[in-house]
$ cat work-v2.cif   # mmCIF, C-alpha atoms and all ligand atoms
data_query
#
loop_
_atom_site.label_atom_id
_atom_site.label_comp_id
_atom_site.auth_asym_id
_atom_site.auth_seq_id
_atom_site.Cartn_x
_atom_site.Cartn_y
_atom_site.Cartn_z
CA MET A 1 0.00 0.00 0.00
CA SER A 2 1.26 3.44 -0.93
CA ASN A 3 1.94 5.97 1.79
CA LEU A 4 -0.17 8.52 -0.02
CA THR A 5 -3.68 7.38 0.69
CA LEU A 6 -5.95 9.76 2.53
CA ARG A 7 -4.03 12.81 1.34
CA ARG A 8 -4.79 11.91 -2.31
CA LEU A 9 -8.27 13.46 -1.94
CA ARG A 10 -6.92 16.58 -0.29
CA GLN A 11 -4.33 17.49 -2.88
CA ASP A 12 -6.14 20.16 -4.90
CA ARG A 13 -9.19 22.37 -4.57
CA HIS A 14 -11.16 20.46 -7.20
CA VAL A 15 -10.96 17.09 -5.54
CA ARG A 16 -11.55 18.70 -2.16
CA ALA A 17 -14.71 20.35 -3.48
CA LEU A 18 -15.92 17.10 -5.04
CA THR A 19 -15.56 15.13 -1.85
CA ARG A 20 -17.26 17.54 0.55
CA GLU A 21 -20.20 16.20 2.50
CA VAL A 22 -21.74 19.42 3.73
CA SER A 23 -22.18 22.76 2.06
CA LEU A 24 -22.99 26.31 3.07
CA SER A 25 -25.73 28.19 1.32
CA LEU A 26 -27.17 31.62 1.88
CA GLU A 27 -30.53 30.00 1.14
CA GLN A 28 -30.47 28.33 4.54
CA MET A 29 -29.48 31.37 6.57
CA ILE A 30 -31.77 33.72 8.48
CA GLN A 31 -30.78 37.30 9.27
CA PRO A 32 -32.03 38.65 12.64
CA CYS A 33 -33.18 42.31 12.62
CA PHE A 34 -34.18 44.71 15.38
CA VAL A 35 -36.66 47.53 14.94
CA ALA A 36 -37.29 50.00 17.74
CA GLU A 37 -40.05 52.52 18.28
CA GLY A 38 -39.08 56.11 18.94
CA VAL A 39 -35.49 55.85 17.72
CA SER A 40 -34.59 58.67 15.35
CA SER A 41 -31.72 57.02 13.48
CA PRO A 42 -30.28 53.50 13.29
CA GLU A 43 -28.13 52.65 16.32
CA ALA A 44 -25.22 50.24 15.86
CA VAL A 45 -25.47 47.24 18.18
CA PRO A 46 -22.22 46.86 20.16
CA GLY A 47 -20.21 43.86 18.97
CA LEU A 48 -22.47 42.97 16.05
CA THR A 49 -20.85 44.36 12.92
CA GLY A 50 -23.44 45.63 10.47
CA VAL A 51 -26.40 45.09 12.82
CA TYR A 52 -28.50 48.03 14.00
CA GLN A 53 -31.45 48.86 16.11
CA GLU A 54 -33.40 50.06 13.09
CA THR A 55 -36.05 52.73 12.75
CA PRO A 56 -39.15 51.69 10.78
CA ASP A 57 -37.71 53.49 7.73
CA SER A 58 -34.19 52.14 8.04
CA LEU A 59 -35.58 48.62 8.45
CA LEU A 60 -37.10 48.84 4.97
CA ARG A 61 -33.89 50.23 3.50
CA ARG A 62 -31.80 47.56 5.23
CA THR A 63 -34.08 44.85 3.91
CA GLU A 64 -33.67 46.20 0.41
CA SER A 65 -29.90 46.07 0.70
CA ASP A 66 -30.07 42.60 2.27
CA LEU A 67 -32.07 41.37 -0.70
CA ARG A 68 -29.37 42.74 -2.98
CA ALA A 69 -26.81 40.84 -0.87
CA GLY A 70 -28.74 37.61 -1.46
CA VAL A 71 -30.48 37.44 1.93
CA SER A 72 -34.20 36.68 1.81
CA LYS A 73 -35.03 35.16 5.21
CA PHE A 74 -35.36 37.33 8.30
CA LEU A 75 -36.13 37.03 12.00
CA LEU A 76 -37.64 40.26 13.30
CA PHE A 77 -37.44 41.51 16.88
CA GLY A 78 -39.66 44.46 17.66
CA VAL A 79 -38.80 46.83 20.50
CA PRO A 80 -41.89 48.92 21.33
CA ARG A 81 -41.62 52.03 23.46
CA ALA A 82 -44.47 51.22 25.84
CA ARG A 83 -44.09 48.46 28.40
CA ALA A 84 -46.84 46.58 30.20
CA GLU A 85 -47.13 43.77 32.71
CA ARG A 86 -50.17 42.32 30.93
CA HIS A 87 -52.40 42.99 27.92
CA VAL A 88 -49.34 43.96 25.95
CA ASP A 89 -49.97 46.02 22.84
CA TRP A 90 -48.35 44.21 19.87
CA SER A 91 -49.27 46.81 17.28
CA PHE A 92 -45.84 48.38 16.85
CA THR A 93 -44.14 45.14 15.79
CA ALA A 94 -47.22 43.99 13.86
CA GLY A 95 -47.07 47.27 11.95
CA GLN A 96 -43.45 46.64 10.97
CA ILE A 97 -44.34 43.14 9.75
CA ARG A 98 -47.19 44.57 7.69
CA ALA A 99 -44.95 47.23 6.19
CA LEU A 100 -42.26 44.70 5.26
CA LYS A 101 -44.72 42.31 3.66
CA GLU A 102 -46.52 45.11 1.82
CA ARG A 103 -43.24 46.29 0.37
CA PHE A 104 -41.44 43.01 -0.31
CA GLY A 105 -44.24 40.42 -0.44
CA LYS A 106 -43.03 36.95 -1.32
CA ASP A 107 -39.51 38.14 -2.05
CA ILE A 108 -38.89 37.73 1.66
CA TRP A 109 -39.67 35.03 4.21
CA LEU A 110 -40.36 36.78 7.46
CA ALA A 111 -40.27 35.12 10.85
CA ALA A 112 -41.36 37.17 13.86
CA ASP A 113 -39.88 36.48 17.25
CA VAL A 114 -42.64 36.06 19.82
CA CYS A 115 -41.66 36.99 23.37
CA LEU A 116 -42.40 39.41 26.17
CA CYS A 117 -38.94 40.49 27.30
CA SER A 118 -38.83 43.63 25.10
CA SER A 119 -42.34 44.59 26.17
CA THR A 120 -42.44 44.09 29.94
CA PRO A 121 -41.06 46.64 32.44
CA HIS A 122 -39.01 43.91 34.18
CA GLY A 123 -37.49 42.43 31.00
CA HIS A 124 -38.61 38.85 31.64
CA CYS A 125 -39.98 36.62 28.91
CA GLY A 126 -43.36 36.27 30.60
CA VAL A 127 -45.84 37.64 33.12
CA LEU A 128 -44.58 37.94 36.68
CA ASN A 129 -46.75 36.39 39.43
CA ALA A 130 -48.22 38.48 42.27
CA GLU A 131 -45.30 37.61 44.56
CA GLY A 132 -42.84 38.75 41.88
CA ASP A 133 -40.61 35.68 42.23
CA HIS A 134 -41.75 33.45 39.33
CA LEU A 135 -43.35 33.71 35.91
CA ASP A 136 -47.05 32.83 35.74
CA ASN A 137 -47.10 30.20 32.98
CA ALA A 138 -50.76 30.41 31.97
CA ALA A 139 -50.85 34.21 31.94
CA SER A 140 -47.62 34.27 29.91
CA VAL A 141 -48.98 31.82 27.33
CA ASN A 142 -52.09 33.99 26.91
CA GLU A 143 -49.94 37.00 26.07
CA LEU A 144 -47.75 34.97 23.70
CA VAL A 145 -50.78 33.63 21.86
CA ALA A 146 -52.02 37.20 21.36
CA ALA A 147 -48.63 38.22 19.96
CA ALA A 148 -48.48 35.26 17.60
CA ARG A 149 -51.98 36.02 16.33
CA ALA A 150 -51.19 39.70 15.82
CA TYR A 151 -48.02 38.83 13.88
CA ALA A 152 -49.72 36.18 11.75
CA ASP A 153 -52.56 38.63 11.03
CA ALA A 154 -49.95 41.15 9.93
CA GLY A 155 -48.58 38.64 7.42
CA ALA A 156 -45.62 36.95 9.12
CA ASP A 157 -44.64 33.75 7.31
CA CYS A 158 -43.45 32.24 10.57
CA VAL A 159 -43.82 32.91 14.28
CA ALA A 160 -40.98 31.92 16.58
CA PRO A 161 -41.68 31.85 20.32
CA SER A 162 -38.46 32.33 22.30
CA ASP A 163 -39.89 32.55 25.82
CA MET A 164 -39.57 28.92 27.08
CA MET A 165 -42.96 28.76 28.80
CA ASP A 166 -44.62 25.33 28.96
CA GLY A 167 -47.40 24.56 26.51
CA ARG A 168 -47.02 27.61 24.32
CA ILE A 169 -46.48 25.66 21.13
CA ALA A 170 -49.80 23.80 21.38
CA ALA A 171 -51.61 26.98 22.41
CA ILE A 172 -50.17 29.06 19.57
CA ARG A 173 -50.77 26.34 16.95
CA ALA A 174 -54.41 25.98 18.04
CA ALA A 175 -55.00 29.74 17.98
CA LEU A 176 -53.39 30.14 14.56
CA ASP A 177 -55.43 27.29 13.09
CA GLN A 178 -58.67 28.64 14.56
CA HIS A 179 -58.09 32.03 13.02
CA GLY A 180 -57.26 31.02 9.48
CA HIS A 181 -53.49 30.85 9.81
CA GLU A 182 -53.01 27.16 9.05
CA ARG A 183 -50.10 28.05 6.77
CA THR A 184 -48.14 30.08 9.29
CA VAL A 185 -44.96 28.16 10.15
CA LEU A 186 -44.19 27.63 13.83
CA MET A 187 -40.49 27.60 14.71
CA SER A 188 -39.85 26.74 18.34
CA TYR A 189 -36.88 27.90 20.31
CA ALA A 190 -37.20 24.44 21.83
CA VAL A 191 -33.71 23.90 23.22
CA LYS A 192 -32.72 27.27 24.55
CA PHE A 193 -30.17 27.43 27.33
CA GLN A 194 -29.58 29.99 30.02
CA SER A 195 -26.41 31.49 28.62
CA ALA A 196 -23.89 34.26 29.22
CA LEU A 197 -23.68 34.74 25.44
CA TYR A 198 -26.80 36.88 25.00
CA GLY A 199 -25.24 40.24 25.94
CA PRO A 200 -25.28 42.22 22.67
CA PHE A 201 -28.79 40.97 21.93
CA ARG A 202 -30.12 42.33 25.22
CA VAL A 203 -28.75 45.75 24.36
CA ALA A 204 -30.42 45.63 20.94
CA ALA A 205 -33.72 44.25 22.28
CA ASP A 206 -33.61 46.33 25.48
CA SER A 207 -34.52 43.13 27.33
CA THR A 208 -32.19 42.69 30.30
CA PRO A 209 -34.10 41.04 33.18
CA LYS A 210 -34.38 43.35 36.17
CA ALA A 211 -37.04 42.14 38.62
CA ASP A 212 -36.02 42.43 42.28
CA LEU A 213 -36.91 38.84 43.16
CA LEU A 214 -36.13 37.27 39.78
CA ARG A 215 -32.76 38.34 38.51
CA ASP A 216 -32.08 35.85 35.74
CA ARG A 217 -33.84 33.49 33.34
CA GLY A 218 -32.83 30.29 35.13
CA SER A 219 -36.41 29.39 36.03
CA TYR A 220 -37.41 29.04 32.38
CA GLN A 221 -34.34 28.64 30.15
CA LEU A 222 -32.47 25.31 30.24
CA ASP A 223 -29.60 24.51 32.55
CA PRO A 224 -26.40 23.87 30.51
CA ALA A 225 -25.59 20.94 32.80
CA ARG A 226 -28.89 19.16 32.14
CA PRO A 227 -28.93 17.80 28.58
CA GLY A 228 -31.81 15.47 29.45
CA ASP A 229 -34.10 18.48 29.64
CA ALA A 230 -33.17 19.35 26.05
CA TRP A 231 -34.61 16.02 24.93
CA LEU A 232 -37.79 16.55 26.93
CA CYS A 233 -38.29 20.02 25.41
CA ALA A 234 -37.58 18.91 21.86
CA GLU A 235 -39.88 15.91 22.04
CA ARG A 236 -42.62 17.91 23.72
CA ASP A 237 -42.49 20.81 21.21
CA ALA A 238 -42.41 18.38 18.28
CA ALA A 239 -45.49 16.63 19.70
CA GLU A 240 -47.24 19.97 20.26
CA GLY A 241 -46.88 20.86 16.60
CA ALA A 242 -43.68 22.82 16.11
CA ASP A 243 -42.62 22.68 12.44
CA ILE A 244 -39.00 23.62 13.07
CA LEU A 245 -36.99 23.07 16.25
CA MET A 246 -34.02 25.13 17.37
CA VAL A 247 -30.89 24.76 19.45
CA LYS A 248 -29.54 27.97 20.99
CA PRO A 249 -26.74 29.03 21.49
CA GLY A 250 -24.83 27.13 18.83
CA LEU A 251 -21.24 26.12 19.42
CA PRO A 252 -21.48 25.26 23.15
CA TYR A 253 -24.44 22.95 22.39
CA LEU A 254 -23.18 21.33 19.21
CA ASP A 255 -23.27 17.93 20.94
CA LEU A 256 -27.02 18.25 21.42
CA LEU A 257 -27.62 19.57 17.91
CA ARG A 258 -25.82 16.51 16.56
CA GLU A 259 -27.74 13.99 18.63
CA LEU A 260 -31.16 15.62 18.50
CA SER A 261 -31.09 16.20 14.75
CA ARG A 262 -30.29 12.53 14.17
CA GLU A 263 -33.03 11.35 16.48
CA ILE A 264 -35.91 13.78 15.93
CA ARG A 265 -36.87 14.04 12.28
CA LYS A 266 -37.86 17.68 12.16
CA PRO A 267 -35.86 20.41 10.47
CA TRP A 268 -33.38 21.80 12.98
CA ALA A 269 -32.30 25.40 13.22
CA VAL A 270 -29.34 26.66 15.19
CA TYR A 271 -29.06 30.19 16.53
CA HIS A 272 -25.49 31.46 16.43
CA VAL A 273 -26.21 33.97 19.19
CA SER A 274 -25.00 37.51 19.60
CA GLY A 275 -22.14 36.80 22.04
CA GLU A 276 -20.79 33.98 19.92
CA PHE A 277 -20.90 36.14 16.83
CA ALA A 278 -19.33 39.12 18.61
CA ALA A 279 -16.50 36.92 19.89
CA LEU A 280 -15.57 35.92 16.34
CA GLU A 281 -15.78 39.49 15.14
CA ALA A 282 -13.53 40.62 17.99
CA LEU A 283 -10.93 38.03 17.05
CA ALA A 284 -11.00 39.12 13.41
CA ALA A 285 -10.91 42.81 14.33
CA GLN A 286 -7.64 42.24 16.18
CA ASN A 287 -6.22 40.52 13.12
CA LEU A 288 -5.95 37.31 15.10
CA ALA A 289 -8.07 35.35 12.65
CA PRO A 290 -9.00 35.66 8.96
CA ARG A 291 -12.58 36.88 9.14
CA ALA A 292 -14.23 35.04 6.24
CA ALA A 293 -12.50 31.73 6.95
CA LEU A 294 -13.33 32.01 10.64
CA HIS A 295 -17.04 32.44 10.00
CA ARG A 296 -17.05 29.71 7.35
CA GLU A 297 -15.47 27.26 9.77
CA ILE A 298 -18.12 27.84 12.43
CA LEU A 299 -21.00 27.82 9.95
CA THR A 300 -19.68 24.53 8.56
CA ALA A 301 -19.67 23.06 12.06
CA PHE A 302 -23.39 23.81 12.35
CA ARG A 303 -24.16 22.11 9.05
CA ARG A 304 -22.00 19.10 9.98
CA ALA A 305 -23.86 18.78 13.28
CA GLY A 306 -27.19 18.56 11.47
CA ALA A 307 -28.63 22.07 11.19
CA SER A 308 -30.71 22.81 8.11
CA ILE A 309 -31.19 26.42 9.12
CA ILE A 310 -28.61 28.80 10.54
CA ILE A 311 -29.73 32.00 12.23
CA THR A 312 -26.74 34.30 12.08
CA TYR A 313 -26.08 38.03 12.35
CA GLY A 314 -23.63 37.47 9.52
CA ALA A 315 -26.13 36.38 6.86
CA ARG A 316 -25.82 39.81 5.23
CA HIS A 317 -22.04 39.33 4.93
CA ALA A 318 -22.21 35.66 4.02
CA ARG A 319 -22.04 35.95 0.25
CA GLU A 320 -18.75 37.77 0.63
CA TRP A 321 -17.51 35.22 3.18
CA LEU A 322 -18.54 32.20 1.11
CA ASN A 323 -16.81 33.55 -1.98
CA ALA A 324 -13.63 34.74 -0.27
CA SER A 325 -10.56 32.55 -0.54
C1 LIG B 401 -35.18 36.00 24.72
C2 LIG B 401 -34.18 35.97 23.63
C3 LIG B 401 -32.83 35.81 23.79
C4 LIG B 401 -32.24 35.88 22.54
C5 LIG B 401 -33.27 36.02 21.61
N1 LIG B 401 -34.48 36.08 22.30
C6 LIG B 401 -32.03 35.46 24.98
C7 LIG B 401 -32.25 36.12 26.26
O1 LIG B 401 -32.32 37.36 26.34
O2 LIG B 401 -32.34 35.42 27.25
C8 LIG B 401 -30.78 35.80 22.29
C9 LIG B 401 -30.28 36.01 20.92
C10 LIG B 401 -28.86 36.41 20.84
O3 LIG B 401 -28.11 36.53 21.82
O4 LIG B 401 -28.45 36.62 19.69
N2 LIG B 401 -36.49 35.96 24.30
ZN ZN B 402 -37.73 36.86 25.83
#

$ encode --input "work-v2.cif" --output "structure tokens" --more "lines below"
Ligand code: PBG
Ligand code: ZN
Amino acid sequence: MSNLTLRRLRQDRHVRALTREVSLSLEQMIQPCFVAEGVSSPEAVPGLTGVYQETPDSLLRRTESDLRAGVSKFLLFGVPRARAERHVDWSFTAGQIRALKERFGKDIWLAADVCLCSSTPHGHCGVLNAEGDHLDNAASVNELVAAARAYADAGADCVAPSDMMDGRIAAIRAALDQHGHERTVLMSYAVKFQSALYGPFRVAADSTPKADLLRDRGSYQLDPARPGDAWLCAERDAAEGADILMVKPGLPYLDLLRELSREIRKPWAVYHVSGEFAALEALAAQNLAPRAALHREILTAFRRAGASIIITYGARHAREWLNAS
């Protein structure tokens, strides 16, 4: 046997390209966007190159330029000015969805994030109980259902609940179906961990938790040391009617993405979250890593681990990164 065996298929770019098992495509990436009420000009989000807290006008302009950059799938986070404990008014974000769909129609696929953390005074993803030390599950689900309905009515192609309350997938699916939204896709943030990697996002979404008796999201997001709970959530949300399941953050939970995507035959999305993305950008900014290759390597890891869909702040740069040498 010759010494040159495995290296034979690595020797030039053609044979390397021919033998690849996974590929990266802009078609399977979703660009997150933030739109805030009462902001007079777009505000750069710290750490997230090219991502802004948009005004309603700049959101439309950004979407136009994203379409030119080959991006057609979006995940919208609305940041209304008014905050409420209950009976939240979803009209600001619904209005942005309507404006986007009126302008771009079927040229874009628009998912709307459904949560309460940008709309409550305390920044939690649900309704606080009377004691102020826990989220009231049933009251939270009622609010989430109202948001999902408002967003579907406004023309969202997909609603994506990110709150981690129990039973919200079944409740949202039932409400959508009852109100003529059988075609609205339901993407569940099913496997979402309590993570220290959400920092830039919370600036953009103005959603840092700040209740006196409930300081973090540990009572609803998953514990990183309890992978068994990830299975319970994924199986439950699949059974309740989620069309797409998600793992979030990405890299630290690649083990679960790999196993879950093999076992549960639903399309899997991965959210490369703000802190993960900002860490890569910081490395590249210091000239300690080649930017395009760095992002390609991480995106490839997600595809290898079984993600169909990648939610990344870099979608709008991806064409450049995929083509760079
Ligand atoms: C909460 C939510 C979070 C993100 C999106 N929706 C996390 C959190 O604040 O706990 C994180 C996304 C990111 O960091 O990019 N509904
Ligand atoms: Zn939230």

$ closest_atom_pairs --input "work-v2.cif" --of "segment 142-218 of chain A" --to "segment 252-271 of chain A" --cutoff "12 Å" --atoms "all atoms listed in the file" --output "tab-separated table"
residue	atom	partner	partner_atom	distance
A:Ala160	CA	A:Ala269	CA	11.4
A:Ser162	CA	A:Tyr271	CA	11.2
A:Val185	CA	A:Pro267	CA	12.0
A:Leu186	CA	A:Pro267	CA	11.5
A:Met187	CA	A:Ala269	CA	8.6
A:Ser188	CA	A:Ala269	CA	9.2
A:Tyr189	CA	A:Ala269	CA	8.8
A:Ala190	CA	A:Ala269	CA	10.0
A:Val191	CA	A:Leu256	CA	8.9
A:Lys192	CA	A:Tyr271	CA	9.3
A:Phe193	CA	A:Tyr253	CA	8.8
A:Gln194	CA	A:Tyr253	CA	11.6
A:Ser195	CA	A:Pro252	CA	9.6
A:Ala196	CA	A:Pro252	CA	11.1
A:Leu197	CA	A:Pro252	CA	10.0
A:Tyr198	CA	A:Tyr271	CA	11.0

$ residues_near_ligand --input "work-v2.cif" --ligand "ligand ZN 402 (chain B)" --cutoff "8 Å" --atoms "all atoms listed in the file" --output "JSON, numbers by chain"
{"A": [114, 115, 116, 117, 118, 123, 124, 125, 126, 162, 163, 207]}

$ residues_around --input "work-v2.cif" --residues "Asp177 of chain A" --least-positions-apart "3" --cutoff "12 Å" --atoms "all atoms listed in the file" --output "ChimeraX atom specification"
/A:145,148-149,152-153,170-174,180-186,241

$ closest_residue --input "work-v2.cif" --among "A:Leu6, A:Ala301, A:Leu294, A:Asp212" --to "Thr19 of chain A" --atoms "all atoms listed in the file"
A:Leu6

$ closest_residue --input "work-v2.cif" --among "A:Leu26, A:Ala211, A:Ala112, A:Ala36" --to "ligand LIG 401 (chain B)" --atoms "only C-alpha atoms and all ligand atoms"
A:Ala112

$ atom_distance --input "work-v2.cif" --atom1 "atom CA of Arg291 of chain A" --atom2 "atom CA of Ala278 of chain A"
11.8 Å

$ closest_residue --input "work-v2.cif" --among "A:Ser41, A:Ser325, A:Gln31, A:Gln96" --to "ligand LIG 401 (chain B)" --atoms "only C-alpha atoms and all ligand atoms"
A:Gln31

$ axis_aligned_box --input "work-v2.cif" --around "ligand LIG 401 (chain B)" --padding-each-side "4 Å" --output "AutoDock Vina command-line options"
--center_x -32.3 --center_y 36.4 --center_z 23.5 --size_x 16.4 --size_y 9.9 --size_z 15.6

$ atom_distance --input "work-v2.cif" --atom1 "atom CA of Gly132 of chain A" --atom2 "atom CA of Leu232 of chain A"
27.2 Å

$ atom_distance --input "work-v2.cif" --atom1 "atom CA of Gly155 of chain A" --atom2 "atom CA of Ser65 of chain A"
21.2 Å

$ residues_around --input "work-v2.cif" --residues "Val127 of chain A" --least-positions-apart "4" --cutoff "8 Å" --atoms "all atoms listed in the file" --output "ChimeraX atom specification"
/A:85-86,116,120,135-137,139-140

$ closest_residue --input "work-v2.cif" --among "A:Asp113, A:Asp157, A:Glu281, A:Glu131" --to "ligand LIG 401 (chain B)" --atoms "all atoms listed in the file"
A:Asp113

$ residues_around --input "work-v2.cif" --residues "Ala84 of chain A" --least-positions-apart "3" --cutoff "9 Å" --atoms "all atoms listed in the file" --output "list of chain:residue names"
A:His87, A:Val88, A:Asp89, A:Ser119, A:Thr120, A:Pro121

$ residues_around --input "work-v2.cif" --residues "Ala204 of chain A" --least-positions-apart "2" --cutoff "10 Å" --atoms "all atoms listed in the file" --output "tab-separated table (two decimals) with C-alpha atoms, keeping the file's coordinate frame"
chain	number	residue	atom	x	y	z
A	33	CYS	CA	-33.18	42.31	12.62
A	34	PHE	CA	-34.18	44.71	15.38
A	35	VAL	CA	-36.66	47.53	14.94
A	36	ALA	CA	-37.29	50.00	17.74
A	43	GLU	CA	-28.13	52.65	16.32
A	44	ALA	CA	-25.22	50.24	15.86
A	45	VAL	CA	-25.47	47.24	18.18
A	46	PRO	CA	-22.22	46.86	20.16
A	48	LEU	CA	-22.47	42.97	16.05
A	51	VAL	CA	-26.40	45.09	12.82
A	52	TYR	CA	-28.50	48.03	14.00
A	53	GLN	CA	-31.45	48.86	16.11
A	54	GLU	CA	-33.40	50.06	13.09
A	77	PHE	CA	-37.44	41.51	16.88
A	78	GLY	CA	-39.66	44.46	17.66
A	79	VAL	CA	-38.80	46.83	20.50
A	118	SER	CA	-38.83	43.63	25.10
A	199	GLY	CA	-25.24	40.24	25.94
A	200	PRO	CA	-25.28	42.22	22.67
A	201	PHE	CA	-28.79	40.97	21.93
A	202	ARG	CA	-30.12	42.33	25.22
A	206	ASP	CA	-33.61	46.33	25.48
A	207	SER	CA	-34.52	43.13	27.33
A	208	THR	CA	-32.19	42.69	30.30
A	274	SER	CA	-25.00	37.51	19.60

$ residues_near_point --input "work-v2.cif" --point "(-38.0, 26.2, 35.0)" --cutoff "10 Å" --atoms "all atoms listed in the file" --output "VMD selection string"
chain A and resid 134 to 135 164 to 166 217 to 223
